[in-house]
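Shown next, in structure tokens, is the structure this report addresses.
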Amino acid sequence: MPDERLQIEPERYELTAPPAYRFAVDRRDFLGLLGGGLLVVFSVGAQESGRGRRPEPLPQGLDAWLHIGEDGIVSIYTGKTEVGQNIRTSLSQAAAEELHCPIASIKLVMADTALVPYDMGTFGSRTTPTMAPQIRRAAATAREALLDLAAEKWKVDRAKLSIADGKITCSGPTGAPAPMGFGELTKGRMLTSTIARDVPVSRPLSQSAPKIGARDTVTGARKYTSDLTRPGMLHGQVLRPPAFNATLTTFDAPDLPGVTVVREKNFVGAAAADAKTVAEALRQIKAEWRRETVPPGAASGPGLYEYLKQNSEFGEADVTATPGAAAPVPDIKLQSSYTVAYIAHAPLEPRAALAEWEEGRLTVWTGTQVPFGVRSELASAFGIPEDRVRVVVPDTGSAYGGKHTGECAVEAARLARSAGKPVKLVWTREEEFTWAYFRPAGLIEISSGVSQDGMMVAWECDNYNSGSSGINGKYDVPKQRNTFHPSKSPLRQGSYRGLAATANHFAREVHIDELAHALKMDPLEFRLKNLKDARQRAVLQAAADRFGWGKNPGGISCGFEKNGYVAACAQVAVEDKHIRILRVVEAFDCGAVVNPDHLKNQIEGAISMAIGGALFEQIRFGDGQILNPRFSQYRVPRFSDMPEIEVVLVDRPDLPSAGAGETPIVGLAPAVANAVFRLNGTRLRSLPLEL
């Protein structure tokens, strides 16, 4: 696939203050775990809280981020989790660039609540804009401390010292000390420094580094939670009710040798030495459940969206208007409604947890994006202090926002506590589809007005249930109101890659196309006419130029979310009333590019995932049950669905880097819907798109 990076003039951009992180264990215990070497610690200001209690600021000098061992390995500590987005590589790059050492000498210690600083979680595309600068400051301070240490050791002018390739060199006449590695220099000494906010750091080098651990990934050597074992470990399984919100009324379990059966209120589970035995034990349990009546309309189908609107609350409006100015009278008015279905995260790795109790302390290995949040859940569930709970996150399979909660960890811990042995619990595919949460369904109603010369003059948007992310676009409209209305959802719902930005961009960008059609104006021309934002215009023009807009038939869309700008063009075909995507061009601006190859991978992955939500994916449900809880019934993108994908990276080297995990997913669906209209005149306003 072509790789092109456009250089455009940077705009002014202010970097916000870094978040605060709380160190999880006593400093003396932590130093004992590390052994000798150089330790750099620092404290910074407050951040918004995640789930659980708000982190409190601690005295200066308690937050440990970096340790240089005697072997020269630089350990970097972060609460972020690796869920396939390859932040292990990008964060290692940040440290290596500041320390001027090989990336192979960086070891990232991630997501172990007993070892790493507090972190709210891995979500919201926040790793690159918040964690990478933190690590750069720590590494830069370590670099300066190493130079000071070498100057003191060699009794030379510090200005004569330099660092390259993980070694410190002294320039000067014959007889200068031989270059010395980091580990050799710090051997036997424990030094601490405090990181100032203004410690000088370098800009990302924008170099493609190979994925760390790629060989283990492709050979199957990488260990996930489901691969782990502990001495004496049992396998667990949970007895699920027949429908949502069911209450256990009667329960009878036979006494089976080697099987531990647990009942705590509505929770019923069992543990045994092997999965076959525990499955048989659950089959022998006699349980009856009382099911709640499901309200009319609380089922998949056309009535769902009216149900969401009727069960909504008055939302907070975001209003933009020129004070005292008379609003222009629109020559053309347009009203349209758009809908998006509930969809599942459908990770290839279902939820899994391994729990072990020892002397009143609980350790859980589990795949989650929020280890400290899961620690809080476990402490609350069992009524124990958080410092008696340790959550360790192995490398985790795809999450997409779906692994924020710790229910699987709590279930495994309940079984382990009763069995008195470690218990591993791995959800089945049906459990993952049924008992996890979903991307919210939504109804978006838009009313707008334009003047005959093509200028937008009024905009009103009401989003019911799906969320507020991305609800405010970059179009210049003198009078607009955007409102999100929370609804009483019939299904459990939560975070999903891009949150509601996919729904809001779909509705807005299809509506923009409808306005252009009403004016008989080219969709690209109409967008550019109503956009002043230079970065939004740049990605829009970049995508259109690469696509060959005006020469090749297709649809177009653009948007902004998480400080990233995106534009997409799509070409489609319709075969037997099925939409087939032939070609996608997407341009993306996330500030300074850190790793071009891996950024392209993120964008291509987001486009591939977006195909499912655009064309196929939807959860069907009724009477309190999921009706398509397996891959044979729930359509996800296949290799045969993949179009030609071209990515244009719009590099902004003088701007801070934004995250790229979410925003690239929002451009595809509206571009495809608009392409269908240009192909055959059919206007599609619902996701998934169906003819």
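We name chains A, B, ... following the order of the structure tokens; residues begin at 1 in each chain, and ligands are numbered from 1 as shown.
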What's around stretch 91-101 of chain A at 7 Å? Count only C-alpha atoms, leave out sequence neighbours fewer than 4 positions away in its own chain, and write the answer as a PyMOL selection string.
chain A and resi 87+106+108+132+135-136+139-140+143+163-166+201-202
I need the residues of stretch 434-522 of chain A that end up classed as strand (DSSP E) by DSSP on the backbone, written out as a list in words.
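The residues of stretch 434-522 of chain A classed as strand (DSSP E) are Gly442, Leu443, Ile444, Glu445, Ile446, Ser447, Ser448, Gly449, Val450, Met456, Val457, Ala458, Trp459, Glu460, Cys461, Asp462, Asn463, Tyr464, Lys479, Gln480, Arg481, Asn482, Thr483, Phe484 and His485 of chain A.
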Atoms kept (N, CA, C and O atoms) for selection, written as an mmCIF file, in the first residue's frame:
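Wrote it out as result38.cif, contents follow:
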data_model
loop_
_atom_site.group_PDB
_atom_site.id
_atom_site.type_symbol
_atom_site.label_atom_id
_atom_site.label_comp_id
_atom_site.auth_asym_id
_atom_site.auth_seq_id
_atom_site.Cartn_x
_atom_site.Cartn_y
_atom_site.Cartn_z
ATOM 1 N N GLY A 442 -28.330 3.765 18.867
ATOM 2 C CA GLY A 442 -28.683 5.172 18.973
ATOM 3 C C GLY A 442 -29.563 5.667 17.851
ATOM 4 O O GLY A 442 -29.586 5.106 16.747
ATOM 5 N N LEU A 443 -30.296 6.718 18.167
ATOM 6 C CA LEU A 443 -31.101 7.462 17.200
ATOM 7 C C LEU A 443 -30.558 8.879 17.176
ATOM 8 O O LEU A 443 -30.424 9.515 18.224
ATOM 9 N N ILE A 444 -30.216 9.375 15.988
ATOM 10 C CA ILE A 444 -29.713 10.740 15.846
ATOM 11 C C ILE A 444 -30.631 11.482 14.887
ATOM 12 O O ILE A 444 -30.819 11.063 13.739
ATOM 13 N N GLU A 445 -31.223 12.565 15.370
ATOM 14 C CA GLU A 445 -32.119 13.391 14.559
ATOM 15 C C GLU A 445 -31.439 14.726 14.279
ATOM 16 O O GLU A 445 -30.967 15.396 15.199
ATOM 17 N N ILE A 446 -31.396 15.105 13.011
ATOM 18 C CA ILE A 446 -30.713 16.332 12.606
ATOM 19 C C ILE A 446 -31.654 17.196 11.779
ATOM 20 O O ILE A 446 -32.312 16.717 10.852
ATOM 21 N N SER A 447 -31.702 18.473 12.136
ATOM 22 C CA SER A 447 -32.390 19.493 11.340
ATOM 23 C C SER A 447 -31.370 20.544 10.957
ATOM 24 O O SER A 447 -30.544 20.947 11.788
ATOM 25 N N SER A 448 -31.415 21.008 9.713
ATOM 26 C CA SER A 448 -30.401 21.959 9.265
ATOM 27 C C SER A 448 -30.989 22.914 8.234
ATOM 28 O O SER A 448 -32.071 22.687 7.688
ATOM 29 N N GLY A 449 -30.235 23.973 7.991
ATOM 30 C CA GLY A 449 -30.621 24.929 6.968
ATOM 31 C C GLY A 449 -29.399 25.490 6.261
ATOM 32 O O GLY A 449 -28.347 25.691 6.880
ATOM 33 N N VAL A 450 -29.516 25.714 4.958
ATOM 34 C CA VAL A 450 -28.433 26.286 4.169
ATOM 35 C C VAL A 450 -28.988 27.408 3.304
ATOM 36 O O VAL A 450 -30.170 27.430 2.957
ATOM 37 N N MET A 456 -23.856 26.933 5.257
ATOM 38 C CA MET A 456 -24.709 26.413 6.318
ATOM 39 C C MET A 456 -25.049 27.539 7.292
ATOM 40 O O MET A 456 -24.174 28.296 7.717
ATOM 41 N N VAL A 457 -26.330 27.645 7.673
ATOM 42 C CA VAL A 457 -26.759 28.736 8.556
ATOM 43 C C VAL A 457 -27.381 28.230 9.852
ATOM 44 O O VAL A 457 -27.482 28.991 10.823
ATOM 45 N N ALA A 458 -27.810 26.972 9.899
ATOM 46 C CA ALA A 458 -28.429 26.459 11.124
ATOM 47 C C ALA A 458 -28.227 24.949 11.207
ATOM 48 O O ALA A 458 -28.215 24.250 10.185
ATOM 49 N N TRP A 459 -28.049 24.471 12.441
ATOM 50 C CA TRP A 459 -27.803 23.037 12.663
ATOM 51 C C TRP A 459 -28.334 22.657 14.037
ATOM 52 O O TRP A 459 -28.030 23.308 15.033
ATOM 53 N N GLU A 460 -29.117 21.598 14.067
ATOM 54 C CA GLU A 460 -29.652 21.100 15.336
ATOM 55 C C GLU A 460 -29.569 19.580 15.322
ATOM 56 O O GLU A 460 -30.061 18.934 14.407
ATOM 57 N N CYS A 461 -28.907 19.023 16.348
ATOM 58 C CA CYS A 461 -28.693 17.574 16.407
ATOM 59 C C CYS A 461 -29.084 17.057 17.783
ATOM 60 O O CYS A 461 -28.673 17.614 18.809
ATOM 61 N N ASP A 462 -29.881 15.989 17.804
ATOM 62 C CA ASP A 462 -30.258 15.308 19.045
ATOM 63 C C ASP A 462 -29.853 13.845 18.943
ATOM 64 O O ASP A 462 -30.322 13.123 18.058
ATOM 65 N N ASN A 463 -28.979 13.435 19.835
ATOM 66 C CA ASN A 463 -28.519 12.041 19.875
ATOM 67 C C ASN A 463 -29.168 11.357 21.064
ATOM 68 O O ASN A 463 -29.001 11.783 22.210
ATOM 69 N N TYR A 464 -29.895 10.288 20.794
ATOM 70 C CA TYR A 464 -30.553 9.513 21.842
ATOM 71 C C TYR A 464 -29.785 8.215 22.087
ATOM 72 O O TYR A 464 -29.693 7.358 21.215
ATOM 73 N N LYS A 479 -25.327 29.275 13.830
ATOM 74 C CA LYS A 479 -26.282 28.908 14.869
ATOM 75 C C LYS A 479 -26.411 27.395 14.887
ATOM 76 O O LYS A 479 -26.853 26.790 13.904
ATOM 77 N N GLN A 480 -26.003 26.785 16.000
ATOM 78 C CA GLN A 480 -26.133 25.334 16.083
ATOM 79 C C GLN A 480 -26.320 24.892 17.526
ATOM 80 O O GLN A 480 -25.909 25.564 18.470
ATOM 81 N N ARG A 481 -26.975 23.752 17.670
ATOM 82 C CA ARG A 481 -27.186 23.135 18.983
ATOM 83 C C ARG A 481 -27.041 21.632 18.828
ATOM 84 O O ARG A 481 -27.672 21.023 17.968
ATOM 85 N N ASN A 482 -26.196 21.023 19.668
ATOM 86 C CA ASN A 482 -25.993 19.578 19.661
ATOM 87 C C ASN A 482 -26.287 19.044 21.055
ATOM 88 O O ASN A 482 -25.697 19.516 22.032
ATOM 89 N N THR A 483 -27.171 18.079 21.150
ATOM 90 C CA THR A 483 -27.624 17.596 22.451
ATOM 91 C C THR A 483 -27.571 16.081 22.508
ATOM 92 O O THR A 483 -28.048 15.395 21.595
ATOM 93 N N PHE A 484 -26.992 15.561 23.586
ATOM 94 C CA PHE A 484 -27.024 14.125 23.852
ATOM 95 C C PHE A 484 -28.056 13.838 24.927
ATOM 96 O O PHE A 484 -28.054 14.457 25.986
ATOM 97 N N HIS A 485 -28.936 12.864 24.660
ATOM 98 C CA HIS A 485 -29.978 12.457 25.595
ATOM 99 C C HIS A 485 -29.701 11.034 26.077
ATOM 100 O O HIS A 485 -29.884 10.074 25.313
#
What's the 12 Å shell around A:Ala298, counting only C-alpha atoms, without same-chain residues fewer than 6 positions away, as an NGL selection string?
:A and (304-311 or 441 or 487-491 or 620-625)
Find the residues around A:Glu586 up to 6 Å (only C-alpha atoms counted), leave out those fewer than 3 positions away in its own chain, and share them as a ChimeraX atom specification.
/A:543,567-568,647
Nearest candidate to A:Arg508 (options A:Phe588, A:Tyr565, A:Phe251, A:Tyr338; using only C-alpha atoms)
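Residue with the minimum atom-to-atom distance to A:Arg508: A:Tyr338.
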Apply DSSP to the structure's backbone, then extract all residues of stretch 497-570 of chain A labelled alpha helix (DSSP H) and return them as a PyMOL selection string.
chain A and resi 501-519+523-529+534-547
Name the closest residue to A:Ser398 among the candidates A:Leu691, A:Ala346, A:Leu582, A:Val648; distances are taken between atoms, counting only C-alpha atoms.
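Looking only at the distances to A:Ser398, the closest residue turns out to be A:Ala346.
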Which value, in Å to one decimal, gives the distance between atom CA of A:Thr219 and atom CA of A:Glu349?
16.7 Å
